[in-house]
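What follows is a set of notes on a single structure, which appears directly below.
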There are 2 protein chains.
Amino acid sequence: MSEDAHCATCDEWLTLLQNSGYRLTAPRRVVVEIMVHSTHVLEPVELYDRGRDQFPGLGLVTVYRTLEKLTQLGLVQRVHQEGGCNVYLCAAQGHQHLLVCEVCGKIVYFSGDDLSDLIARIAAQTGYQIRGHWLQFFGVCRDCQG
Amino acid sequence: MSEDAHCATCDEWLTLLQNSGYRLTAPRRVVVEIMVHSTHVLEPVELYDRGRDQFPGLGLVTVYRTLEKLTQLGLVQRVHQEGGCNVYLCAAQGHQHLLVCEVCGKIVYFSGDDLSDLIARIAAQTGYQIRGHWLQFFGVCRDCQG
DNA sequence: GTAACTGCAAACGCTTTGCACCAAG
DNA sequence: CTTGGTGCAAAGCGTTTGCAGTTAC
């Protein structure tokens with residue numbers, strides 16, 4: 001878990017960063033490693049705090065800048081919630097949607113929705129050109145139901 | 001349009017405010033009147049600017065405080081978008097979802113989605129207690145397609 | 001060696017709070 | 001008359017920017 005050299009997904013992310021013209025630096029490796037393995041949504045500050053456990057010199061600004069790059073590359077996404085919109089997460093794989101625990105932020109991806117009929121109907125009714133949609137579920141995970 | 005005394009919906013909102021223990025003041029009437037009639041999402045500052053056309057003494061702080069109250073009463077809702085989460089809108093009527101124009105912010109409400117099967121399946125698969133969902137569509141309205 | 005990256009400090013924009021004055025009921 | 005509401009100014013918070021030193025390549 002803590003040795004990113006042993007994590008295939010970390011390697012993929014780092015390779016993609018490098019192939020996109022970015023350099024592989026210690027702070028970036030740390031951010032990548034934490035994001036790849038996180039099962040819960042993370043605020044930038046939380047990422048910063050965890051990152052400093054591994055790399056004490058890490059700066060919060062670097063966390064923001066790295067999240068920005070990872071988001072542009074489609075590896076990370078921002079999650080919007082009632083209480084705030086400043087948490088981040090591994091991006092969905094293809095057409096997946098998100099289920100977030102309102103208590104602890106634990107997340108699950110799922111697929112299987114079919115909104116194509118609804119989208120076609122709405123487009124016809126409104127004249128809007130539909131470009132995208134958000135479907136996101138909120139709940140309480142098993143661990144937080146007690 | 002500008003005479004809130006002639007608008008039934010404005011009267012409803014103002015009555016609800018009063019019945020909830022709030023006083024009816026000039027700034028509140030202005031905010032209510034603008035929100036009720038807006039067909040586009042509005043930032044607090046936009047609301048403030050428009051409000052001052054009708055009531056020059058209006059303060060931005062009052063706009064925030066009134067939006068907060070209207071949101072608590074379920075009359076107004078915040079809308080989240082890729083570019084930011086600080087726009088407000090009349091709340092949906094019952095179980096409706098939102099279609100937002102990405103260019104001008106013009107909004108349309110619609111209903112007719114049926115996610116109950118999907119929700120039941122996700123709850124069974126994940127063990128989460130599902131408490132709510134967001135379904136929101138983004139597109140370009142007819143006026144902005146040119 | 002050079003260009004990209006880093007961390008710090010300062011600036012920024014949006015939102016909230018403290019407070020004295022004012023007005024609805 | 002009393003209490004809630006108001007606007008101003010200042011503080012707060014998360015995020016971004018400027019910059020000089022550092023590091024990957």
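By convention here, the chains of the structure tokens are called A, B, ... in the order presented, each chain's residues are numbered starting at 1, and ligands are numbered starting at 1 in the order presented.
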**Study point:** For D:DG5: contacts at 9 Å, only C-alpha atoms (C1' of nucleotides), fewer than 2 positions along chain excluded, given as an NGL selection string
**Key:** (:B and (23 or 25 or 62)) or (:C and (22-24))
Review point. Could you pull out all residues of stretch 3-79 of chain B with a DSSP call of alpha helix (DSSP H) and give them as a VMD selection string?
Key: chain B and resid 8 to 19 26 to 37 44 to 54 60 to 72
Exercise for review: Pick out the residues sitting within 8 Å of stretch 26-43 of chain B, and hand them over as a ChimeraX atom specification; count only C-alpha atoms (C1' of nucleotides), and ignore anything fewer than 3 positions along from it in its own chain.
Suggested key: /B:1-2,4,9-10,13-14,46-47,50-51,54-55,58,62-63,66,76,79,86-90,104-107
Let's have the selection written as an mmCIF file, in the first residue's frame, with C-alpha atoms.
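Final output, saved to again_3.cif:
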data_model
loop_
_atom_site.group_PDB
_atom_site.id
_atom_site.type_symbol
_atom_site.label_atom_id
_atom_site.label_comp_id
_atom_site.auth_asym_id
_atom_site.auth_seq_id
_atom_site.Cartn_x
_atom_site.Cartn_y
_atom_site.Cartn_z
ATOM 1 C CA MET B 1 -43.872 41.838 -12.857
ATOM 2 C CA SER B 2 -42.385 44.572 -10.750
ATOM 3 C CA ASP B 4 -45.103 42.079 -6.099
ATOM 4 C CA THR B 9 -46.445 33.353 -5.947
ATOM 5 C CA CYS B 10 -44.719 36.298 -4.294
ATOM 6 C CA TRP B 13 -43.642 33.198 -0.328
ATOM 7 C CA LEU B 14 -44.159 36.301 1.779
ATOM 8 C CA GLU B 46 -26.420 39.336 -9.437
ATOM 9 C CA LEU B 47 -29.413 39.232 -7.165
ATOM 10 C CA ARG B 50 -30.823 43.658 -9.581
ATOM 11 C CA GLY B 51 -32.237 44.265 -6.150
ATOM 12 C CA GLN B 54 -35.589 48.443 -7.055
ATOM 13 C CA PHE B 55 -34.226 49.270 -3.622
ATOM 14 C CA LEU B 58 -30.094 46.862 -0.266
ATOM 15 C CA THR B 62 -29.081 40.821 3.476
ATOM 16 C CA VAL B 63 -29.231 38.996 0.167
ATOM 17 C CA THR B 66 -32.564 36.076 2.857
ATOM 18 C CA VAL B 76 -35.066 28.357 -3.131
ATOM 19 C CA VAL B 79 -27.482 24.754 -8.030
ATOM 20 C CA ASN B 86 -22.858 29.625 -5.983
ATOM 21 C CA VAL B 87 -26.014 30.090 -8.016
ATOM 22 C CA TYR B 88 -29.565 30.034 -6.754
ATOM 23 C CA LEU B 89 -32.945 29.269 -8.167
ATOM 24 C CA CYS B 90 -36.613 28.690 -7.270
ATOM 25 C CA CYS B 104 -26.807 31.519 -20.074
ATOM 26 C CA GLY B 105 -28.010 29.618 -17.030
ATOM 27 C CA LYS B 106 -31.605 29.374 -18.230
ATOM 28 C CA ILE B 107 -33.338 26.552 -16.456
#
Check your understanding: Which residues of chain C are close to chain A, meaning at most 8 Å apart when you count only C-alpha atoms (C1' of nucleotides), and how do they look as a list in words?
Key ->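 That gives the following set of residues: DA4, DC5, DT6 and DG7 of chain C.
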Take the residues just selected and output them with N, CA, C and O atoms (P, O5', C5', C4', C3', O3' and C1' of nucleotides) as an mmCIF file, in the first residue's frame.
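And here is the file that came out, again_12.cif:
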data_model
loop_
_atom_site.group_PDB
_atom_site.id
_atom_site.type_symbol
_atom_site.label_atom_id
_atom_site.label_comp_id
_atom_site.auth_asym_id
_atom_site.auth_seq_id
_atom_site.Cartn_x
_atom_site.Cartn_y
_atom_site.Cartn_z
ATOM 1 P P DA C 4 8.749 24.414 -19.637
ATOM 2 O "O5'" DA C 4 8.457 23.519 -18.345
ATOM 3 C "C5'" DA C 4 8.818 22.148 -18.353
ATOM 4 C "C4'" DA C 4 8.806 21.624 -16.940
ATOM 5 C "C3'" DA C 4 7.513 21.908 -16.176
ATOM 6 O "O3'" DA C 4 7.167 20.722 -15.489
ATOM 7 C "C1'" DA C 4 9.360 22.753 -14.963
ATOM 8 P P DC C 5 5.887 20.612 -14.627
ATOM 9 O "O5'" DC C 5 6.448 20.828 -13.152
ATOM 10 C "C5'" DC C 5 7.417 19.915 -12.665
ATOM 11 C "C4'" DC C 5 7.801 20.323 -11.272
ATOM 12 C "C3'" DC C 5 6.625 20.584 -10.329
ATOM 13 O "O3'" DC C 5 6.761 19.734 -9.203
ATOM 14 C "C1'" DC C 5 8.236 22.312 -10.196
ATOM 15 P P DT C 6 5.737 19.722 -8.032
ATOM 16 O "O5'" DT C 6 6.434 20.663 -6.966
ATOM 17 C "C5'" DT C 6 7.619 20.211 -6.325
ATOM 18 C "C4'" DT C 6 8.121 21.278 -5.389
ATOM 19 C "C3'" DT C 6 7.064 21.748 -4.394
ATOM 20 O "O3'" DT C 6 7.309 21.127 -3.151
ATOM 21 C "C1'" DT C 6 8.307 23.580 -5.377
ATOM 22 P P DG C 7 6.251 21.138 -2.006
ATOM 23 O "O5'" DG C 7 6.595 22.471 -1.219
ATOM 24 C "C5'" DG C 7 7.867 22.632 -0.623
ATOM 25 C "C4'" DG C 7 8.003 24.054 -0.118
ATOM 26 C "C3'" DG C 7 6.892 24.497 0.837
ATOM 27 O "O3'" DG C 7 7.471 25.137 1.964
ATOM 28 C "C1'" DG C 7 7.017 25.981 -1.025
#
Point to revise | Which of chain A DSSP labels strand (DSSP E), written as a VMD selection string | key: chain A and resid 76 to 81 84 to 90 97 to 101 107 to 110 129 to 140
Take the residues from that selection and put them in a file with C-alpha atoms, as a tab-separated table (two decimals), in the first residue's frame.
chain	number	residue	atom	x	y	z
A	76	VAL	CA	-9.50	12.50	-10.38
A	77	GLN	CA	-12.84	14.21	-10.03
A	78	ARG	CA	-14.39	16.71	-7.71
A	79	VAL	CA	-17.48	15.61	-5.82
A	80	HIS	CA	-20.31	17.97	-5.00
A	81	GLN	CA	-22.36	17.52	-1.88
A	84	GLY	CA	-19.67	21.56	0.24
A	85	CYS	CA	-17.98	20.95	-3.07
A	86	ASN	CA	-14.35	20.69	-2.12
A	87	VAL	CA	-13.76	16.96	-1.95
A	88	TYR	CA	-11.89	14.85	-4.46
A	89	LEU	CA	-11.90	11.27	-5.54
A	90	CYS	CA	-10.58	8.83	-8.16
A	97	HIS	CA	-22.20	7.04	-11.11
A	98	LEU	CA	-21.42	7.74	-7.55
A	99	LEU	CA	-22.88	6.69	-4.22
A	100	VAL	CA	-21.49	8.67	-1.31
A	101	CYS	CA	-21.90	8.01	2.39
A	107	ILE	CA	-17.80	5.97	-1.93
A	108	VAL	CA	-19.05	3.28	-4.28
A	109	TYR	CA	-19.24	3.44	-8.04
A	110	PHE	CA	-21.96	1.71	-9.94
A	129	GLN	CA	-29.01	20.29	-26.77
A	130	ILE	CA	-28.21	17.93	-23.90
A	131	ARG	CA	-24.49	17.73	-23.24
A	132	GLY	CA	-24.22	15.79	-20.04
A	133	HIS	CA	-25.80	14.82	-16.78
A	134	TRP	CA	-25.03	14.24	-13.17
A	135	LEU	CA	-26.52	11.33	-11.32
A	136	GLN	CA	-25.35	10.88	-7.81
A	137	PHE	CA	-26.75	9.02	-4.83
A	138	PHE	CA	-26.44	9.88	-1.17
A	139	GLY	CA	-26.86	7.49	1.69
A	140	VAL	CA	-25.36	5.95	4.76
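Relative to atom C1' of D:DA24, atom C1' of C:DT2 is found at 10.6 Å.
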Once you count only C-alpha atoms (C1' of nucleotides), which residues of chain D turn out to be within 9 Å of chain A? Could you give them as a PDB file with all heavy atoms, in the first residue's frame?
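Just written: part-v2.pdb:
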ATOM      1  P    DG D  14     -11.454  26.111   5.420  1.00  0.00           P
ATOM      2  OP1  DG D  14     -12.177  24.891   5.828  1.00  0.00           O
ATOM      3  OP2  DG D  14     -10.105  26.405   5.962  1.00  0.00           O
ATOM      4  O5'  DG D  14     -11.365  26.127   3.831  1.00  0.00           O
ATOM      5  C5'  DG D  14     -12.576  26.083   3.092  1.00  0.00           C
ATOM      6  C4'  DG D  14     -12.299  26.505   1.669  1.00  0.00           C
ATOM      7  O4'  DG D  14     -11.812  27.858   1.643  1.00  0.00           O
ATOM      8  C3'  DG D  14     -11.246  25.657   0.950  1.00  0.00           C
ATOM      9  O3'  DG D  14     -11.724  25.378  -0.361  1.00  0.00           O
ATOM     10  C2'  DG D  14     -10.012  26.553   0.929  1.00  0.00           C
ATOM     11  C1'  DG D  14     -10.632  27.939   0.879  1.00  0.00           C
ATOM     12  N9   DG D  14      -9.801  28.994   1.459  1.00  0.00           N
ATOM     13  C8   DG D  14      -9.147  28.968   2.664  1.00  0.00           C
ATOM     14  N7   DG D  14      -8.491  30.061   2.926  1.00  0.00           N
ATOM     15  C5   DG D  14      -8.724  30.858   1.818  1.00  0.00           C
ATOM     16  C6   DG D  14      -8.277  32.172   1.521  1.00  0.00           C
ATOM     17  O6   DG D  14      -7.553  32.900   2.200  1.00  0.00           O
ATOM     18  N1   DG D  14      -8.744  32.617   0.279  1.00  0.00           N
ATOM     19  C2   DG D  14      -9.551  31.898  -0.551  1.00  0.00           C
ATOM     20  N2   DG D  14      -9.906  32.478  -1.702  1.00  0.00           N
ATOM     21  N3   DG D  14      -9.990  30.671  -0.287  1.00  0.00           N
ATOM     22  C4   DG D  14      -9.533  30.218   0.909  1.00  0.00           C
ATOM     23  P    DT D  15     -10.849  24.500  -1.359  1.00  0.00           P
ATOM     24  OP1  DT D  15     -11.792  23.799  -2.261  1.00  0.00           O
ATOM     25  OP2  DT D  15      -9.849  23.742  -0.585  1.00  0.00           O
ATOM     26  O5'  DT D  15     -10.106  25.603  -2.228  1.00  0.00           O
ATOM     27  C5'  DT D  15     -10.896  26.461  -3.051  1.00  0.00           C
ATOM     28  C4'  DT D  15     -10.018  27.494  -3.711  1.00  0.00           C
ATOM     29  O4'  DT D  15      -9.371  28.289  -2.706  1.00  0.00           O
ATOM     30  C3'  DT D  15      -8.891  26.908  -4.576  1.00  0.00           C
ATOM     31  O3'  DT D  15      -9.159  27.281  -5.925  1.00  0.00           O
ATOM     32  C2'  DT D  15      -7.619  27.539  -4.030  1.00  0.00           C
ATOM     33  C1'  DT D  15      -8.145  28.730  -3.224  1.00  0.00           C
ATOM     34  N1   DT D  15      -7.310  29.171  -2.081  1.00  0.00           N
ATOM     35  C2   DT D  15      -6.757  30.426  -2.109  1.00  0.00           C
ATOM     36  O2   DT D  15      -6.898  31.194  -3.040  1.00  0.00           O
ATOM     37  N3   DT D  15      -6.010  30.759  -1.006  1.00  0.00           N
ATOM     38  C4   DT D  15      -5.771  29.977   0.111  1.00  0.00           C
ATOM     39  O4   DT D  15      -5.087  30.383   1.046  1.00  0.00           O
ATOM     40  C5   DT D  15      -6.376  28.665   0.077  1.00  0.00           C
ATOM     41  C7   DT D  15      -6.182  27.728   1.237  1.00  0.00           C
ATOM     42  C6   DT D  15      -7.112  28.328  -0.997  1.00  0.00           C
ATOM     43  P    DT D  16      -8.121  26.961  -7.087  1.00  0.00           P
ATOM     44  OP1  DT D  16      -8.906  26.812  -8.322  1.00  0.00           O
ATOM     45  OP2  DT D  16      -7.204  25.897  -6.632  1.00  0.00           O
ATOM     46  O5'  DT D  16      -7.292  28.313  -7.194  1.00  0.00           O
ATOM     47  C5'  DT D  16      -7.988  29.536  -7.391  1.00  0.00           C
ATOM     48  C4'  DT D  16      -6.983  30.668  -7.535  1.00  0.00           C
ATOM     49  O4'  DT D  16      -6.331  30.896  -6.279  1.00  0.00           O
ATOM     50  C3'  DT D  16      -5.872  30.400  -8.558  1.00  0.00           C
ATOM     51  O3'  DT D  16      -5.802  31.540  -9.399  1.00  0.00           O
ATOM     52  C2'  DT D  16      -4.622  30.196  -7.702  1.00  0.00           C
ATOM     53  C1'  DT D  16      -4.944  31.029  -6.469  1.00  0.00           C
ATOM     54  N1   DT D  16      -4.318  30.584  -5.192  1.00  0.00           N
ATOM     55  C2   DT D  16      -3.599  31.498  -4.448  1.00  0.00           C
ATOM     56  O2   DT D  16      -3.429  32.649  -4.802  1.00  0.00           O
ATOM     57  N3   DT D  16      -3.094  31.015  -3.267  1.00  0.00           N
ATOM     58  C4   DT D  16      -3.222  29.729  -2.763  1.00  0.00           C
ATOM     59  O4   DT D  16      -2.728  29.418  -1.694  1.00  0.00           O
ATOM     60  C5   DT D  16      -3.972  28.819  -3.603  1.00  0.00           C
ATOM     61  C7   DT D  16      -4.179  27.409  -3.152  1.00  0.00           C
ATOM     62  C6   DT D  16      -4.487  29.280  -4.757  1.00  0.00           C
ATOM     63  P    DT D  23      16.541  20.356  -4.211  1.00  0.00           P
ATOM     64  OP1  DT D  23      16.142  19.607  -3.001  1.00  0.00           O
ATOM     65  OP2  DT D  23      17.954  20.666  -4.513  1.00  0.00           O
ATOM     66  O5'  DT D  23      15.932  19.600  -5.457  1.00  0.00           O
ATOM     67  C5'  DT D  23      14.512  19.572  -5.620  1.00  0.00           C
ATOM     68  C4'  DT D  23      14.190  19.062  -7.012  1.00  0.00           C
ATOM     69  O4'  DT D  23      14.375  20.112  -7.992  1.00  0.00           O
ATOM     70  C3'  DT D  23      15.072  17.898  -7.471  1.00  0.00           C
ATOM     71  O3'  DT D  23      14.210  17.000  -8.142  1.00  0.00           O
ATOM     72  C2'  DT D  23      16.050  18.563  -8.426  1.00  0.00           C
ATOM     73  C1'  DT D  23      15.143  19.593  -9.072  1.00  0.00           C
ATOM     74  N1   DT D  23      15.799  20.753  -9.717  1.00  0.00           N
ATOM     75  C2   DT D  23      15.272  21.235 -10.895  1.00  0.00           C
ATOM     76  O2   DT D  23      14.296  20.760 -11.435  1.00  0.00           O
ATOM     77  N3   DT D  23      15.933  22.319 -11.421  1.00  0.00           N
ATOM     78  C4   DT D  23      17.059  22.964 -10.888  1.00  0.00           C
ATOM     79  O4   DT D  23      17.546  23.917 -11.449  1.00  0.00           O
ATOM     80  C5   DT D  23      17.561  22.391  -9.643  1.00  0.00           C
ATOM     81  C7   DT D  23      18.755  23.005  -9.004  1.00  0.00           C
ATOM     82  C6   DT D  23      16.924  21.328  -9.137  1.00  0.00           C
ATOM     83  P    DA D  24      14.551  15.456  -8.280  1.00  0.00           P
ATOM     84  OP1  DA D  24      13.748  14.671  -7.306  1.00  0.00           O
ATOM     85  OP2  DA D  24      16.013  15.314  -8.313  1.00  0.00           O
ATOM     86  O5'  DA D  24      13.963  15.166  -9.711  1.00  0.00           O
ATOM     87  C5'  DA D  24      12.585  15.374  -9.953  1.00  0.00           C
ATOM     88  C4'  DA D  24      12.317  15.530 -11.432  1.00  0.00           C
ATOM     89  O4'  DA D  24      13.030  16.689 -11.942  1.00  0.00           O
ATOM     90  C3'  DA D  24      12.759  14.354 -12.275  1.00  0.00           C
ATOM     91  O3'  DA D  24      11.775  14.150 -13.259  1.00  0.00           O
ATOM     92  C2'  DA D  24      14.102  14.809 -12.869  1.00  0.00           C
ATOM     93  C1'  DA D  24      13.928  16.313 -12.962  1.00  0.00           C
ATOM     94  N9   DA D  24      15.131  17.114 -12.717  1.00  0.00           N
ATOM     95  C8   DA D  24      16.059  16.922 -11.704  1.00  0.00           C
ATOM     96  N7   DA D  24      17.025  17.806 -11.712  1.00  0.00           N
ATOM     97  C5   DA D  24      16.725  18.632 -12.781  1.00  0.00           C
ATOM     98  C6   DA D  24      17.387  19.773 -13.304  1.00  0.00           C
ATOM     99  N6   DA D  24      18.487  20.295 -12.800  1.00  0.00           N
ATOM    100  N1   DA D  24      16.826  20.351 -14.376  1.00  0.00           N
ATOM    101  C2   DA D  24      15.684  19.852 -14.890  1.00  0.00           C
ATOM    102  N3   DA D  24      14.987  18.777 -14.472  1.00  0.00           N
ATOM    103  C4   DA D  24      15.569  18.215 -13.403  1.00  0.00           C
ATOM    104  P    DC D  25      11.703  12.822 -14.098  1.00  0.00           P
ATOM    105  OP1  DC D  25      10.303  12.602 -14.509  1.00  0.00           O
ATOM    106  OP2  DC D  25      12.436  11.791 -13.353  1.00  0.00           O
ATOM    107  O5'  DC D  25      12.544  13.222 -15.399  1.00  0.00           O
ATOM    108  C5'  DC D  25      12.038  14.271 -16.236  1.00  0.00           C
ATOM    109  C4'  DC D  25      13.139  14.674 -17.202  1.00  0.00           C
ATOM    110  O4'  DC D  25      14.123  15.464 -16.531  1.00  0.00           O
ATOM    111  C3'  DC D  25      13.886  13.496 -17.833  1.00  0.00           C
ATOM    112  O3'  DC D  25      13.543  13.393 -19.191  1.00  0.00           O
ATOM    113  C2'  DC D  25      15.362  13.835 -17.654  1.00  0.00           C
ATOM    114  C1'  DC D  25      15.347  15.297 -17.236  1.00  0.00           C
ATOM    115  N1   DC D  25      16.460  15.693 -16.315  1.00  0.00           N
ATOM    116  C2   DC D  25      17.155  16.870 -16.539  1.00  0.00           C
ATOM    117  O2   DC D  25      16.849  17.594 -17.485  1.00  0.00           O
ATOM    118  N3   DC D  25      18.186  17.209 -15.709  1.00  0.00           N
ATOM    119  C4   DC D  25      18.498  16.410 -14.690  1.00  0.00           C
ATOM    120  N4   DC D  25      19.497  16.784 -13.892  1.00  0.00           N
ATOM    121  C5   DC D  25      17.801  15.186 -14.445  1.00  0.00           C
ATOM    122  C6   DC D  25      16.789  14.862 -15.258  1.00  0.00           C
TER     123       DC D  25
END
**Study point:** atom CA of A:Gln72 to atom CA of A:Val103, straight-line distance in Å
**Key:**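 So the two atoms, atom CA of A:Val103 and atom CA of A:Gln72, lie 28.3 Å apart.
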Check your understanding: Do you know which residues are at most 12 Å from D:DA9 counting only C-alpha atoms (C1' of nucleotides), after dropping those on the same chain fewer than 3 positions away, and could you put them as an NGL selection string?
Key -> (:B and (61)) or (:C and (17-20))
Check your understanding: Between A:Ser116, A:Thr15, A:Ser20, A:Thr126, which has the minimum distance to chain B (counting only C-alpha atoms)?
Key -> A:Thr126
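The coordinates place atom CA of A:Ala92 at 25.0 Å from atom CA of A:Ile122.
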